[in-house]
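*Asks:* Got a structure for you, written out below as structure tokens; questions coming shortly.
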Amino acid sequence: MAQVEPIKAFTDNYIWAICNQHDNATWVVDPGQSQPVLTFLNKNNRTLSGVLITHHHWDHTDGVAELLLQFPNIPVYGPKDSKYDGITHPLTQDDKITIAGIPFKVVQTPGHTLDHICYINDDLALTGDTLFSGGCGRLFEGTAEQMWYSLESLKQLPDTCQIYCTHEYTLANLAFAHAVEPENKALSDYIKWCQLQRAKDLPTLPTNMGNERAVNPFLRSDQADILAHLPAFLQSTPDILWQRFALLRQWKDNF
């Protein structure tokens, strides 16, 4: 049995700690800072067993080197052919690993970056900067078509699957989602819940896939009216779903 706990980093990052409940072993996901991880480990009398990386961006990797000074020789799992050179165990599509007793399958999810991977099973998914609650990552390296296919692969997860992404972007994402679908009752209810969470300085994460299918416009490009409120400067009505997604992403980039 393992538990996943958030470690706050920077202004809006979460470093997820995967804690084995049978011993003090802990894995961390995307440690952009080392000190919050070390503080968490010391406070909870835990030791670091390894690191999972989803992609090469500095705010997901900069803490690794200092963690290795404190915990030398621990494995650092991450994407094969990544721009980040600190990975000791490179992973690619359909690779399988077990972390703190939890089995994960690796899925390649290019779009935000070309090297991005997610770690998934039917119960939980570590989605990095590919899938956020109410949103998705910006297209820094990949194409809209790549990102759409990446999201479609994650969209196949069960409704109950818990989604652990790496940023507290939820309310900003939902403001855009509401502009896209102002009549979406599930979205309006979720916004209220998230506002209450943030007012108490609590995370809005994890979310779950059923909720995201109901509120996240980037998973809803197949909905007939998803482009009904598209701004005039983007007016278009493509039939191809990834092109509909691309218009939503372009709208969000300018929102």
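Going by the structure tokens order, chains are called A, B, ..., each with residues numbered from 1, while ligands are numbered from 1 in the order shown.
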Write out as a tab-separated table the residues of range 156-182 of chain A that have any atom within 7 Å of an atom of range 121-145 of chain A, one row each with the nearest atom pair and its distance in Å to one decimal, counting only C-alpha atoms, sorted by chain and then rising number.

*Replies:*
residue	atom	partner	partner_atom	distance
A:Leu157	CA	A:Asp122	CA	6.2
A:Pro158	CA	A:Asp122	CA	6.2
A:Thr160	CA	A:Asp123	CA	6.9
A:Cys161	CA	A:Asp123	CA	4.5
A:Gln162	CA	A:Leu124	CA	4.4
A:Ile163	CA	A:Ala125	CA	5.0
A:Tyr164	CA	A:Leu126	CA	4.9
A:Cys165	CA	A:Gly128	CA	4.8
A:Thr166	CA	A:Gly128	CA	5.0
A:Thr170	CA	A:Ser133	CA	5.4
A:Asn173	CA	A:Gly134	CA	5.2
A:Leu174	CA	A:Gly134	CA	5.5
A:Ala177	CA	A:Gly134	CA	6.7

*Asks:* In range 127-200 of chain A, what's alpha helix (DSSP H) per DSSP? Answer as a VMD selection string?

*Replies:* chain A and resid 144 to 155 170 to 180 185 to 199

*Asks:* Name the residues in contact with Gln146 in chain A at a cut-off of 8 Å, using only C-alpha atoms, excluding same-chain residues fewer than 6 positions from it; report them as an MDAnalysis selection string.

*Replies:* chainID A and resid 109:111

*Asks:* Restricting the calculation to only C-alpha atoms, which member of A:Thr26, A:Gln33, A:Gln93, A:Gln108 is positioned closest to Arg46 in chain A?

*Replies:*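 Going through A:Thr26, A:Gln33, A:Gln93, A:Gln108 one by one, the smallest distance to Arg46 in chain A is for A:Thr26.
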
*Asks:* Which of these, A:Asn211, A:Gln195, A:Ala232, A:Val76, has the shortest distance to His89 in chain A once you count only C-alpha atoms?

*Replies:*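 Checking each candidate against His89 in chain A, we get A:Val76 as the closest.
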
*Asks:* Would you kindly return, as number ranges by chain, each protein, DNA or RNA residue with an atom no farther than 9 Å from any atom of Asp95 in chain A, considering only C-alpha atoms and excluding same-chain residues fewer than 3 positions away?

*Replies:* A: 91-92, 104-107

*Asks:* Which residue is closest to His60 in chain A? Choose from A:Met209, A:Ala25, A:Ala172, A:Ala9 and count only C-alpha atoms.

*Replies:*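 Among the listed residues, A:Ala9 lies closest to His60 in chain A.
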
*Asks:* Quick one: DSSP strand (DSSP E) residues in range 29-230 of chain A, as an MDAnalysis selection string?

*Replies:* chainID A and resid 29 47:52 76:79 89:91 96:99 102:108 117:120 124:128 131:132 135:136 162:165 207:208

*Asks:* Go through A:Trp251, A:Gln21, A:Leu171, A:Phe176 one by one, measure the shortest atom-to-atom distance of each to Lys192 in chain A using only C-alpha atoms, and give the residue with the smallest value.

*Replies:*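 Closest residue, counting only C-alpha atoms: A:Leu171.
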
*Asks:* For Thr113 in chain A, which residue out of A:Thr54, A:Thr98, A:Thr39, A:Gln70 is the nearest one, using only C-alpha atoms?

*Replies:*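 Between A:Thr54, A:Thr98, A:Thr39, A:Gln70, the residue approaching Thr113 in chain A most closely is A:Thr54.
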